Structures are given as C-alpha cells and as structure tokens.
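*Asks:* Next up, data-v6.cif (mmCIF, C-alpha atoms).
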data_coords
#
loop_
_atom_site.label_atom_id
_atom_site.label_comp_id
_atom_site.auth_asym_id
_atom_site.auth_seq_id
_atom_site.Cartn_x
_atom_site.Cartn_y
_atom_site.Cartn_z
CA MET S 13 228.18 262.76 3.75
CA ARG S 14 230.33 264.60 1.25
CA SER S 15 228.77 266.60 -1.56
CA ARG S 16 227.82 264.67 -4.66
CA ARG S 17 229.76 267.31 -6.53
CA GLY S 18 233.01 266.41 -4.79
CA VAL S 19 236.52 266.81 -6.19
CA LEU S 20 237.67 264.10 -8.58
CA SER S 21 240.61 261.91 -7.65
CA LEU S 22 243.56 262.16 -10.01
CA CYS S 23 243.46 259.43 -12.63
CA SER S 24 245.42 258.75 -15.79
CA LEU S 25 243.56 258.70 -19.05
CA VAL S 26 244.44 255.40 -20.65
CA VAL S 27 244.47 255.07 -24.40
CA VAL S 28 241.14 253.70 -25.59
CA THR S 29 240.83 250.55 -27.66
CA GLY S 30 238.74 249.21 -30.49
CA VAL S 31 238.22 252.23 -32.73
CA LEU S 32 235.42 252.22 -35.28
CA THR S 33 235.50 255.23 -37.60
CA THR S 34 233.87 256.36 -40.80
CA ALA S 35 234.93 258.40 -43.78
CA CYS S 36 234.95 262.12 -43.16
CA GLY S 37 235.98 265.48 -44.47
CA ALA S 38 234.21 268.16 -46.37
CA LEU S 39 231.19 267.07 -48.36
CA PRO S 40 231.49 267.09 -52.13
CA GLY S 41 230.27 270.22 -53.78
CA GLY S 42 231.42 272.65 -51.12
CA GLY S 43 229.15 271.42 -48.29
CA PRO S 44 229.90 272.12 -44.66
CA GLU S 45 233.06 270.63 -43.18
CA ARG S 46 232.32 267.84 -40.75
CA HIS S 47 233.25 268.12 -37.08
CA THR S 48 233.89 265.05 -34.97
CA VAL S 49 231.70 263.75 -32.14
CA THR S 50 233.48 261.05 -30.14
CA VAL S 51 231.38 258.31 -28.56
CA TRP S 52 232.62 255.74 -26.05
CA LEU S 53 230.64 252.50 -26.09
CA MET S 54 231.41 249.39 -24.07
CA ARG S 55 232.66 246.10 -25.48
CA ASN S 56 229.77 243.83 -26.58
CA SER S 57 227.06 246.38 -25.79
CA ALA S 58 226.42 246.83 -29.51
CA SER S 59 227.61 244.73 -32.42
CA ASP S 60 230.03 246.12 -34.98
CA ALA S 61 227.28 245.84 -37.58
CA PHE S 62 224.88 247.91 -35.47
CA ILE S 63 227.52 250.60 -34.90
CA LYS S 64 228.26 250.79 -38.61
CA ARG S 65 224.55 251.06 -39.50
CA PHE S 66 223.97 253.72 -36.89
CA THR S 67 227.04 255.71 -37.91
CA LYS S 68 226.12 255.68 -41.58
CA ALA S 69 222.53 256.75 -40.94
CA PHE S 70 223.45 259.40 -38.38
CA GLU S 71 226.06 261.01 -40.62
CA ALA S 72 223.65 260.99 -43.55
CA GLU S 73 221.11 262.90 -41.45
CA HIS S 74 223.66 265.19 -39.75
CA THR S 75 225.85 266.21 -42.65
CA ASP S 76 228.11 268.38 -40.50
CA VAL S 77 229.02 265.56 -38.09
CA ARG S 78 231.58 262.77 -38.25
CA LEU S 79 231.09 260.05 -35.63
CA ASP S 80 234.15 258.50 -34.02
CA VAL S 81 232.88 255.50 -32.04
CA ARG S 82 235.52 254.05 -29.73
CA VAL S 83 234.82 250.71 -28.07
CA GLN S 84 236.00 250.45 -24.46
CA GLU S 85 236.83 247.50 -22.22
CA TRP S 86 234.96 247.15 -18.93
CA THR S 87 238.18 246.49 -17.05
CA GLY S 88 239.49 249.80 -15.75
CA ILE S 89 236.69 251.86 -17.27
CA GLY S 90 235.96 253.69 -14.02
CA GLU S 91 239.37 255.35 -14.00
CA LYS S 92 239.10 256.25 -17.70
CA VAL S 93 235.72 257.88 -17.30
CA SER S 94 236.76 259.74 -14.16
CA ALA S 95 239.82 261.12 -15.92
CA ALA S 96 237.77 262.16 -18.96
CA LEU S 97 235.26 263.99 -16.78
CA LYS S 98 238.05 265.76 -14.88
CA ALA S 99 239.78 267.16 -17.94
CA ASP S 100 239.55 270.93 -18.30
CA LYS S 101 238.26 270.54 -21.83
CA GLY S 102 237.78 267.86 -24.39
CA GLY S 103 240.73 267.16 -26.66
CA ASP S 104 241.47 264.79 -29.51
CA GLY S 105 239.80 261.49 -28.63
CA ALA S 106 238.05 262.91 -25.59
CA PRO S 107 234.50 261.56 -25.35
CA ASP S 108 231.43 263.67 -26.04
CA VAL S 109 229.07 260.80 -25.18
CA ILE S 110 229.86 257.90 -22.83
CA GLU S 111 228.03 254.65 -22.17
CA VAL S 112 228.21 253.76 -18.47
CA GLY S 113 226.68 250.98 -16.40
CA ASN S 114 223.42 252.14 -14.85
CA THR S 115 224.62 251.41 -11.32
CA GLN S 116 227.84 253.38 -11.98
CA VAL S 117 226.08 256.66 -12.75
CA PRO S 118 225.78 257.79 -9.09
CA GLN S 119 229.54 257.69 -8.58
CA TYR S 120 230.12 259.84 -11.67
CA ILE S 121 227.45 262.28 -10.54
CA ASP S 122 229.22 262.46 -7.20
CA GLN S 123 232.53 263.28 -8.88
CA GLY S 124 231.00 266.07 -10.95
CA GLY S 125 231.59 266.75 -14.62
CA LEU S 126 228.33 265.47 -16.14
CA LEU S 127 225.95 267.59 -18.18
CA ASP S 128 222.46 268.11 -16.75
CA LEU S 129 220.10 266.59 -19.33
CA SER S 130 216.83 267.28 -17.52
CA LEU S 131 215.41 269.55 -20.21
CA GLU S 132 216.16 267.13 -23.02
CA SER S 133 214.80 264.23 -20.99
CA ALA S 134 211.42 265.89 -20.51
CA ARG S 135 211.15 267.64 -23.85
CA ASP S 136 212.65 265.17 -26.32
CA LEU S 137 213.19 261.74 -24.80
CA GLY S 138 209.87 260.69 -23.24
CA MET S 139 211.27 260.17 -19.76
CA GLN S 140 207.83 259.34 -18.33
CA ASP S 141 208.06 255.89 -19.96
CA TRP S 142 211.63 255.01 -19.03
CA LEU S 143 212.42 251.82 -17.15
CA PRO S 144 212.84 252.84 -13.51
CA GLY S 145 215.88 250.64 -13.01
CA LEU S 146 217.73 252.63 -15.68
CA ALA S 147 216.32 256.09 -15.00
CA GLU S 148 216.52 256.31 -11.20
CA PRO S 149 220.31 255.85 -10.86
CA GLY S 150 220.79 258.78 -13.25
CA VAL S 151 218.95 261.30 -11.07
CA ASP S 152 220.38 263.58 -8.41
CA ASN S 153 218.40 266.35 -6.73
CA SER S 154 215.67 266.03 -9.40
CA ARG S 155 218.22 266.54 -12.17
CA GLN S 156 218.66 263.88 -14.84
CA TYR S 157 222.24 263.10 -15.81
CA GLY S 158 221.98 259.52 -17.11
CA ILE S 159 219.81 258.68 -20.12
CA PRO S 160 218.53 255.06 -20.17
CA TRP S 161 219.83 253.03 -23.09
CA TYR S 162 219.18 249.30 -22.64
CA ALA S 163 218.39 246.80 -19.89
CA ALA S 164 218.68 243.14 -18.97
CA ASN S 165 217.40 241.28 -15.93
CA ARG S 166 216.73 237.86 -14.49
CA VAL S 167 213.85 235.58 -15.39
CA VAL S 168 213.02 231.98 -14.53
CA ILE S 169 214.45 229.47 -17.01
CA TYR S 170 212.66 226.13 -16.78
CA ASN S 171 212.92 222.62 -18.15
CA LYS S 172 209.70 221.94 -20.10
CA ASP S 173 210.08 218.17 -19.87
CA LEU S 174 210.27 218.21 -16.08
CA PHE S 175 207.29 220.53 -15.85
CA GLU S 176 205.24 218.20 -18.06
CA ARG S 177 206.19 215.14 -16.01
CA ALA S 178 205.05 216.89 -12.84
CA GLY S 179 201.74 217.86 -14.49
CA VAL S 180 202.56 221.58 -14.41
CA THR S 181 200.90 222.94 -17.55
CA LYS S 182 201.25 226.70 -17.00
CA PRO S 183 204.04 228.74 -15.42
CA PRO S 184 203.11 230.33 -12.09
CA ARG S 185 201.94 233.94 -11.89
CA THR S 186 202.06 234.42 -8.12
CA ARG S 187 204.54 233.58 -5.41
CA ASP S 188 202.11 231.14 -3.81
CA GLU S 189 201.62 229.31 -7.11
CA TRP S 190 205.38 229.28 -7.58
CA LEU S 191 206.00 227.65 -4.22
CA ASP S 192 203.25 225.10 -4.85
CA GLN S 193 204.49 224.14 -8.30
CA THR S 194 208.13 224.05 -7.21
CA SER S 195 207.19 221.73 -4.35
CA ARG S 196 205.51 219.38 -6.84
CA LEU S 197 208.61 219.51 -9.05
CA ASP S 198 210.98 218.81 -6.16
CA THR S 199 210.60 215.05 -6.02
CA GLY S 200 212.79 212.00 -6.45
CA SER S 201 216.00 212.87 -8.27
CA THR S 202 214.58 216.15 -9.57
CA GLN S 203 215.28 219.46 -7.85
CA GLY S 204 212.35 221.86 -7.94
CA ILE S 205 214.71 224.81 -8.28
CA TYR S 206 218.43 225.40 -8.00
CA LEU S 207 218.80 228.62 -6.00
CA ALA S 208 222.22 229.43 -4.59
CA GLY S 209 222.21 230.71 -1.04
CA GLN S 210 223.99 233.96 -1.86
CA ASP S 211 221.99 235.10 -4.90
CA TRP S 212 221.45 238.54 -3.38
CA TYR S 213 220.21 240.12 -6.61
CA THR S 214 217.23 237.77 -6.53
CA LEU S 215 216.68 238.50 -2.84
CA SER S 216 216.70 242.22 -3.67
CA GLY S 217 213.69 241.75 -5.93
CA PHE S 218 211.77 240.01 -3.15
CA ILE S 219 212.68 242.84 -0.77
CA TRP S 220 211.39 245.46 -3.20
CA ASP S 221 208.18 243.46 -3.69
CA GLU S 222 207.62 243.65 0.05
CA GLY S 223 208.14 247.41 0.06
CA GLY S 224 211.61 247.26 1.55
CA GLU S 225 215.06 248.47 0.47
CA LEU S 226 218.65 247.33 0.77
CA ALA S 227 219.55 250.76 2.11
CA ARG S 228 217.73 254.05 2.64
CA GLU S 229 218.89 257.65 2.38
CA SER S 230 217.83 260.46 4.69
CA GLY S 231 219.39 263.89 4.77
CA GLY S 232 222.35 262.71 2.74
CA ILE S 233 223.03 259.77 5.09
CA TRP S 234 222.68 256.17 3.91
CA SER S 235 221.69 253.38 6.27
CA GLY S 236 221.37 249.63 5.75
CA ALA S 237 217.77 248.39 5.79
CA LEU S 238 217.99 244.60 5.76
CA ASP S 239 216.51 244.54 9.27
CA SER S 240 213.18 246.11 8.25
CA PRO S 241 210.04 243.95 8.57
CA ALA S 242 209.68 244.05 4.77
CA ALA S 243 213.21 242.79 4.18
CA LEU S 244 212.76 240.03 6.76
CA ARG S 245 209.57 238.86 5.03
CA ALA S 246 211.52 238.72 1.76
CA MET S 247 214.25 236.61 3.34
CA ASP S 248 211.64 234.24 4.72
CA PHE S 249 210.23 233.71 1.24
CA TYR S 250 213.72 233.22 -0.18
CA GLU S 251 214.43 230.58 2.46
CA ARG S 252 211.28 228.64 1.65
CA LEU S 253 211.99 228.72 -2.08
CA GLN S 254 215.66 227.84 -1.72
CA ALA S 255 214.78 224.75 0.34
CA LEU S 256 213.02 223.21 -2.68
CA GLY S 257 216.32 222.25 -4.25
CA ASP S 258 219.93 221.51 -3.39
CA GLY S 259 221.56 224.84 -4.12
CA PRO S 260 224.55 225.58 -1.86
CA LYS S 261 223.82 227.77 1.14
CA ASP S 262 227.29 229.30 1.26
CA ALA S 263 227.93 230.21 -2.39
CA ASP S 264 226.52 232.40 -5.13
CA GLU S 265 225.06 231.41 -8.49
CA GLU S 266 228.43 231.32 -10.25
CA HIS S 267 230.33 229.14 -7.75
CA PRO S 268 229.61 226.62 -9.10
CA SER S 269 227.96 227.82 -12.28
CA GLN S 270 224.21 227.27 -11.97
CA ALA S 271 223.93 227.12 -15.76
CA ASP S 272 226.35 224.19 -15.88
CA ARG S 273 224.51 222.49 -13.04
CA PHE S 274 221.13 223.04 -14.76
CA ALA S 275 222.50 221.50 -17.95
CA LYS S 276 222.63 218.09 -16.27
CA GLY S 277 218.85 217.90 -16.83
CA ASP S 278 217.67 217.13 -13.29
CA ILE S 279 216.78 220.68 -12.22
CA ALA S 280 213.39 222.15 -13.05
CA GLN S 281 214.23 225.88 -12.72
CA ILE S 282 216.94 228.44 -12.24
CA ILE S 283 216.77 232.23 -11.95
CA SER S 284 219.07 233.83 -14.52
CA VAL S 285 219.29 236.07 -17.55
CA PRO S 286 217.95 234.35 -20.69
CA GLY S 287 221.40 234.43 -22.25
CA ALA S 288 222.40 231.58 -19.93
CA THR S 289 220.45 229.30 -22.28
CA GLN S 290 223.36 229.34 -24.72
CA GLN S 291 225.72 228.02 -22.06
CA ILE S 292 223.18 225.42 -20.95
CA VAL S 293 222.55 224.06 -24.44
CA GLY S 294 226.27 224.18 -25.17
CA LYS S 295 226.79 221.81 -22.26
CA ASN S 296 223.77 219.64 -23.09
CA PRO S 297 222.52 219.91 -26.70
CA ALA S 298 219.61 217.58 -25.85
CA LEU S 299 217.98 220.51 -24.04
CA LYS S 300 217.72 222.59 -27.20
CA GLY S 301 214.10 223.57 -27.69
CA ARG S 302 213.16 222.18 -24.27
CA LEU S 303 213.74 225.32 -22.22
CA GLY S 304 211.16 227.96 -21.44
CA TYR S 305 211.04 231.31 -19.65
CA PHE S 306 208.66 233.19 -17.40
CA PRO S 307 208.94 236.41 -15.40
CA ILE S 308 209.73 236.06 -11.71
CA PRO S 309 206.25 235.89 -10.15
CA GLY S 310 204.93 238.68 -7.97
CA LYS S 311 202.78 238.61 -4.88
CA THR S 312 199.65 238.88 -7.05
CA ALA S 313 198.88 237.84 -10.62
CA SER S 314 198.35 241.45 -11.65
CA ARG S 315 202.00 242.40 -11.21
CA ALA S 316 205.18 240.49 -11.99
CA GLY S 317 207.90 240.37 -9.37
CA SER S 318 210.44 243.13 -9.00
CA VAL S 319 213.90 242.46 -10.40
CA PHE S 320 217.34 243.94 -10.30
CA THR S 321 217.83 245.81 -13.57
CA GLY S 322 221.25 245.83 -15.16
CA GLY S 323 222.14 247.72 -18.29
CA SER S 324 223.57 251.01 -19.44
CA ASP S 325 222.90 254.75 -19.48
CA LEU S 326 224.33 257.41 -21.75
CA VAL S 327 225.98 260.48 -20.23
CA VAL S 328 227.51 263.64 -21.68
CA PRO S 329 230.65 265.15 -20.12
CA ALA S 330 230.21 268.79 -19.17
CA ASN S 331 233.55 269.53 -20.86
CA THR S 332 232.36 268.45 -24.30
CA ASP S 333 233.31 270.92 -27.01
CA ASP S 334 230.29 269.93 -29.10
CA ARG S 335 227.20 269.93 -26.92
CA PRO S 336 224.71 270.04 -29.86
CA GLY S 337 226.43 267.11 -31.55
CA ALA S 338 226.60 265.09 -28.34
CA LEU S 339 222.92 265.70 -27.60
CA ALA S 340 221.99 264.68 -31.14
CA VAL S 341 223.79 261.35 -30.69
CA VAL S 342 222.09 260.69 -27.34
CA LYS S 343 218.66 261.52 -28.75
CA ALA S 344 219.23 259.15 -31.67
CA LEU S 345 220.63 256.22 -29.66
CA ALA S 346 217.95 256.55 -26.96
CA GLY S 347 215.15 257.26 -29.41
CA GLU S 348 212.59 254.70 -30.53
CA LYS S 349 214.10 253.75 -33.91
CA TRP S 350 217.63 252.93 -32.83
CA ASN S 351 216.76 251.79 -29.33
CA THR S 352 214.39 249.13 -30.62
CA GLU S 353 216.88 248.08 -33.30
CA LEU S 354 219.56 247.68 -30.64
CA ALA S 355 217.19 245.64 -28.48
CA ARG S 356 216.30 243.31 -31.36
CA THR S 357 219.93 242.98 -32.46
CA MET S 358 221.39 242.28 -29.02
CA ASN S 359 218.37 240.70 -27.24
CA TYR S 360 218.09 243.55 -24.75
CA VAL S 361 215.06 245.17 -23.17
CA PRO S 362 214.41 248.62 -24.73
CA ASN S 363 214.69 251.66 -22.48
CA LYS S 364 210.93 252.30 -22.29
CA THR S 365 208.02 250.21 -21.09
CA THR S 366 206.10 251.33 -24.17
CA LEU S 367 208.63 249.62 -26.45
CA ALA S 368 208.30 246.13 -24.94
CA ASP S 369 206.40 244.86 -27.99
CA ALA S 370 209.58 245.29 -30.02
CA VAL S 371 211.03 242.16 -28.38
CA SER S 372 207.82 240.12 -28.07
CA GLY S 373 209.07 237.65 -30.69
CA GLU S 374 211.89 236.43 -28.43
CA PRO S 375 210.40 234.54 -25.45
CA GLY S 376 213.34 235.07 -23.12
CA VAL S 377 213.61 238.79 -23.86
CA ALA S 378 209.83 239.20 -23.66
CA ALA S 379 209.91 237.67 -20.16
CA MET S 380 212.70 240.07 -19.23
CA ALA S 381 210.67 243.03 -20.47
CA VAL S 382 207.74 242.11 -18.21
CA GLY S 383 210.02 242.10 -15.18
CA ALA S 384 211.95 245.20 -16.23
CA ALA S 385 208.78 247.27 -15.96
CA HIS S 386 209.07 246.69 -12.19
CA GLY S 387 212.83 246.69 -12.01
CA LYS S 388 215.14 248.68 -9.80
CA ALA S 389 218.85 249.27 -9.43
CA THR S 390 221.02 249.08 -6.35
CA PRO S 391 220.89 252.06 -3.95
CA ALA S 392 222.12 255.26 -5.57
CA SER S 393 224.90 255.88 -3.08
CA PRO S 394 228.21 256.68 -4.80
CA LEU S 395 229.79 254.30 -2.27
CA TRP S 396 227.58 251.29 -3.02
CA ALA S 397 230.54 249.50 -4.62
CA ASN S 398 231.93 249.19 -1.09
CA VAL S 399 228.99 246.92 -0.22
CA GLU S 400 229.55 244.67 -3.23
CA ALA S 401 233.26 244.38 -2.51
CA ALA S 402 234.92 241.41 -0.83
CA ASP S 403 232.90 239.83 1.96
CA ASN S 404 229.62 241.31 0.78
CA PRO S 405 227.57 241.53 4.00
CA ILE S 406 224.34 240.69 2.17
CA LYS S 407 225.80 237.36 1.04
CA SER S 408 227.08 236.57 4.52
CA TYR S 409 223.69 237.41 6.02
CA MET S 410 221.88 235.08 3.62
CA SER S 411 224.20 232.16 4.29
CA GLN S 412 223.88 232.60 8.04
CA VAL S 413 220.07 232.58 7.92
CA LEU S 414 219.92 229.61 5.55
CA SER S 415 222.23 227.74 7.92
CA GLY S 416 219.86 228.24 10.84
CA ALA S 417 220.89 231.54 12.45
CA ASP S 418 218.27 233.95 13.76
CA PRO S 419 217.16 236.17 10.82
CA ALA S 420 216.50 239.30 12.90
CA THR S 421 219.87 239.14 14.63
CA GLU S 422 221.79 238.55 11.41
CA ALA S 423 219.81 241.23 9.58
CA LYS S 424 220.73 243.84 12.19
CA ARG S 425 224.38 242.87 11.95
CA ALA S 426 224.34 243.11 8.13
CA ALA S 427 222.45 246.42 8.18
CA ARG S 428 225.05 247.93 10.50
CA GLU S 429 227.86 246.80 8.21
CA ILE S 430 226.12 248.25 5.14
CA THR S 431 225.70 251.55 6.99
CA ARG S 432 229.40 251.57 7.85
CA ARG S 433 230.44 250.91 4.24
CA LEU S 434 228.20 253.71 2.94
CA ASP S 435 229.71 256.24 5.33
CA ASP S 436 232.38 258.24 3.51
CA LYS S 437 233.84 259.33 6.84
CA ALA S 438 234.60 255.69 7.62
CA GLU S 439 236.79 255.24 4.56
#
Now that the file is in, can you turn its structure into structure tokens?

*Replies:*
Amino acid sequence: MRSRRGVLSLCSLVVVTGVLTTACGALPGGGPERHTVTVWLMRNSASDAFIKRFTKAFEAEHTDVRLDVRVQEWTGIGEKVSAALKADKGGDGAPDVIEVGNTQVPQYIDQGGLLDLSLESARDLGMQDWLPGLAEPGVDNSRQYGIPWYAANRVVIYNKDLFERAGVTKPPRTRDEWLDQTSRLDTGSTQGIYLAGQDWYTLSGFIWDEGGELARESGGIWSGALDSPAALRAMDFYERLQALGDGPKDADEEHPSQADRFAKGDIAQIISVPGATQQIVGKNPALKGRLGYFPIPGKTASRAGSVFTGGSDLVVPANTDDRPGALAVVKALAGEKWNTELARTMNYVPNKTTLADAVSGEPGVAAMAVGAAHGKATPASPLWANVEAADNPIKSYMSQVLSGADPATEAKRAAREITRRLDDKAE
C-alpha cells in the first residue's frame, strides 16, 4: 500500500462561497493591528447566528485576530481541500482551519499537508473523552491530525400510539427485548419495524457489537472482513429484525424514503437520525408529539448498541501562515463552551462523552448521545470511498442474503471485493 504521505494529485482551487466576515483593522487607541485567520466551515454545520456570536466573542478575546469565516458547499469540497493542502503556502483566502467530514480525514492524511496536533490534543483538548467515532479517523501512526467537532448518529424513532396499542410500555434495552417487542408490534396492518435491506450503516453497528469489522488493516494492507464469524452473527440478527416488517430487500433506506413511509402511521419503528422527525411530521402533522426515540439496543442492558458516527473534525493545514491563530480557533471551537453551544443550537452530539448532559433536554439528541459513546466510523483506509461507490458490495451482500442466498458464500464474495477496492495497486 502506498505511503499515507503520498503526493497530492493536481487540483484547482475553486473560489469559495458564502463569506461571513467581521469588522477589522487596528484597534482604537493604537492597539495591535489585527491579522486574519481564515476558517472554512461547511454549509449548515453551524448557523449564521452561531458563527456571528463565535466570531464576536473570539475577536474580543484575541484582540490581534480578525476571523474570516468562509462557508463551503459539500459538493466538490474534496478537490478544494486537496488543492488548499497542496499549496506551497497560504495566500489570501487560503484556509488556516478547515472543517472536514470525519470519514474524510484519512484521505487528507494520506495526501499529506495536515498539521500534527497530537500535543495540543493531549495537553489542551481533553482527548481522553472524545467520541471514538470522531477521534479515530483523525489518527495515523499514533499522531492526531483531526480534532473532533460534532457528531450525529442513528437512533430508533417509534410511534408511541402503536407501542401503547401493543402493550409495550418501555422501549427495549437489549437486542432480545427488541426482537420480542418488535414481534408483538408486527401484527395485522402494522409493521413492527421498517428496515430496508441495504441499510449497511445499521448493519455496521451490529457487526461492531459482535466484535467484528467491515475491513481490517495489517501491515498497511486492508482486507474485507464481512466473512468473519462476528460479522456473520451480525447479519443473522439483521435478517431476523428485518423480517418483522415489509422493508424492501433490494433497496436502501432512501429508496423509497423510509421517513415518508413511516409517516403513513402504520409502522412502529424506523432506524434514523432524529432529524427525520421533521420530514415525518411534515408529511403527517397528526404524528406531532406522538413520536419517541431510544438508542439502538445493545447485546446487554449495560451498554447501548454501537452505531455509525457521522459528523465533522477540524484540521489545520501545515502551510498555514498563522499557526498560533489557527490553533486558538480550534481550541475554542472544540472546547467545552462553544462545543456545547453548537450542539444545543444545531441539535448535535458534543465531541466528548462528558458533555452529553448538555443535550439531555432534547430527547432525540439525548438518545443519539447514548449511542455515540459507542460509535465508530468506517475503516480508516484512504480508499474507503471506493467501497461506498456505485454497486457497494456490502449492499449487494445484504440483499443476496435477505433473498435466501447462503450467508457465508456471499460474505466471502463481498469481502474479496472490498479487499480489491482497498488495494491501491488495483486502481
């Protein structure tokens, strides 16, 4: 496998969009002249109001800094970031701090050009309490490059009326309880759960609960691991749960939209991010106030189920011309005050397990926080995007098994394909 400090491909730096700036210049009374720290944040990660509050407070505390926060679009961001990291030095508008998706960090580490933030992580940022699904993708060879910022993950959204009719008074806390309750809910015209056959993110959590992985790395070589005994046990559980409803075996959760399907009112549960509630109630206002949330159950009541953790990390380009200013911004955004304010403002999970109480007042977010403590990200191969590309072999594997094919045979076939896609020599 090639070095994770490989040469960057040539990319064009596209003009960024959505600029939010603040007043600048020398302070009255002969104070120090401000220098600019440029921050790239992604569209909808933080509200305009949050960015303005943060900018005002940060500049008041750091009187020599002017923040230039530039909001980026997700489309095409990979090429923009790669080009920014490749530049010989930062120029006008070049980022000093960049928000990147947590699962994207490995590819940027592989390209080179990120600042090693290991010292700051241990000394200033309380890395021992970080959510693993945000922290682990930012590590390479025991060096921390990505700083966790915020997270989101799946929970179970349920219809309270259907639970009450079935005599289910408390959400399940174990997988066995979950299967039992879902079986009781799956009766007549009611589906116990709507679980699409290709919801591989949910399957990933079951695999991690069993001690398995989607892929494993050894000596710099990545290999698919869907054929491990642990992964096969997870698929068996998925198959039993999926059978307690009429979810399609050959489609994922968005085709058709499970939120739209749930809004019809005859489905007891779906597995989704809490934000799907807005879409559900928009389709069926009668469900307002009648939806609840609980963490995906684990194998025992003492530990919630593992989940795929999405979200963002903060990175600093090695070519920044203001390292102290960039580090100050990262420490502030990832620190307790502003991280909890972001979580409350945007209904995210904060970056540390110790900050979960900050979102306890929002039931959906609180359920997310319980799961996030046991969350993980996709394998940290810089080539993992090849697996998620067209004809995702994990999706194909799931559909084949749910349609009656031999799980062990299909798992071996999928594992081989994952191995092939993670081999840079096969590109």

*Asks:* So how many Å separate atom CA of S:Thr214 and atom CA of S:Tyr250, to one decimal?

*Replies:*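 Going from atom CA of S:Thr214 over to atom CA of S:Tyr250, I get 8.6 Å.
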
*Asks:* Extract, using all atoms listed in the file, all DNA, RNA and protein residues at most 9 Å from S:Ala427, discarding same-chain residues fewer than 2 positions from it, and format them as a short mmCIF file (atom, residue, chain, number, x, y, z; two decimals) with C-alpha atoms, in the frame of the given file.

*Replies:*
data_model
loop_
_atom_site.label_atom_id
_atom_site.label_comp_id
_atom_site.auth_asym_id
_atom_site.auth_seq_id
_atom_site.Cartn_x
_atom_site.Cartn_y
_atom_site.Cartn_z
CA LEU S 226 218.65 247.33 0.77
CA ALA S 227 219.55 250.76 2.11
CA SER S 235 221.69 253.38 6.27
CA GLY S 236 221.37 249.63 5.75
CA ALA S 237 217.77 248.39 5.79
CA LEU S 238 217.99 244.60 5.76
CA ASP S 239 216.51 244.54 9.27
CA PRO S 405 227.57 241.53 4.00
CA ILE S 406 224.34 240.69 2.17
CA GLU S 422 221.79 238.55 11.41
CA ALA S 423 219.81 241.23 9.58
CA LYS S 424 220.73 243.84 12.19
CA ARG S 425 224.38 242.87 11.95
CA GLU S 429 227.86 246.80 8.21
CA ILE S 430 226.12 248.25 5.14
CA THR S 431 225.70 251.55 6.99
CA ARG S 432 229.40 251.57 7.85
#

*Asks:* For this file, the PyMOL selection byres ((chain S and resi 175-185) around 6) selects which residues, as a VMD selection string?

*Replies:* chain S and resid 172 to 174 186 189 to 190 197 309 313

*Asks:* Output the residue selection produced by the PyMOL selection byres ((chain S and resi 151-165) around 6) on the file above, formatted as a ChimeraX atom specification.

*Replies:* /S:128-130,146-150,166,285,321-327,346,360-363,380

*Asks:* Enumerate, as a ChimeraX atom specification, the residues matched when the PyMOL selection byres ((chain S and resi 168) around 8) is run on the file above.

*Replies:* /S:166-167,169-170,281-284,305-308

*Asks:* Rounded to one decimal in Å, what is the spacing between atom CA of S:Val81 and atom CA of S:Thr332?

*Replies:*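 So the two atoms, atom CA of S:Val81 and atom CA of S:Thr332, lie 15.1 Å apart.
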
*Asks:* Quick one: everything within 12 Å of stretch 247-249 of chain S, counting all atoms listed in the file, minus sequence neighbours fewer than 6 positions away in the same chain. Send it as a PyMOL selection string.

*Replies:* chain S and resi 187-188+190-191+209-212+214-222+224+226+238-241+255-256+310-311+406-407+409-414+416+418-420+422-423

*Asks:* Have a look at atom CA of S:Ala402 and atom CA of S:Arg428 and let me know their distance in Å, one decimal.

*Replies:*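 These two atoms are separated by 16.4 Å.
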
*Asks:* Once you count all atoms listed in the file, which residues end up no further than 9 Å from (219.0, 261.4, 0.0) in the file's frame, shown as a ChimeraX atom specification?

*Replies:* /S:152-153,228-234,392-393

*Asks:* For each of S:Ala368, S:Ala417, S:Ala389, S:Val51, take the minimum atom-to-atom distance to S:Val117, counting only C-alpha atoms, then give the residue where this is smallest.

*Replies:* S:Ala389

*Asks:* Identify which of the residues S:Thr365, S:Asn296, S:Ala242, S:Glu225 lies closest to S:Gly277, counting only C-alpha atoms when measuring atom-to-atom distances.

*Replies:*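 Among the listed residues, the smallest separation from S:Gly277 belongs to S:Asn296.
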
*Asks:* Could you please give me, as an NGL selection string, the residues of protein, DNA or RNA lying at most 12 Å from (219.1, 219.3, -22.1) in the coordinate frame of the file, considering all atoms listed in the file?

*Replies:* :S and (170-174 or 271-280 or 289-304)

*Asks:* Let me make sure I understand: among S:Gly90, S:Gly387, S:Gly113, S:Pro394, which one has the smallest atom-to-atom distance to S:Tyr213 if we use all atoms listed in the file?

*Replies:*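 Smallest distance to S:Tyr213 is found for S:Gly387.
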
*Asks:* Between S:Arg335, S:His47, S:Arg433, S:Arg65, which has the minimum distance to S:Leu126 (counting all atoms listed in the file)?

*Replies:*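 Residue with the minimum atom-to-atom distance to S:Leu126: S:Arg335.
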
*Asks:* Pick the closest to S:Phe70 from S:Gly337, S:Pro375, S:Gly383, S:Gly204: which is it, counting only C-alpha atoms?

*Replies:*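 Among the listed residues, S:Gly337 lies closest to S:Phe70.
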
*Asks:* Under the rule that all atoms listed in the file are counted, which of S:Ala96, S:Asp258, S:Asn56, S:Gly223 is the nearest residue to S:Thr202?

*Replies:* S:Asp258
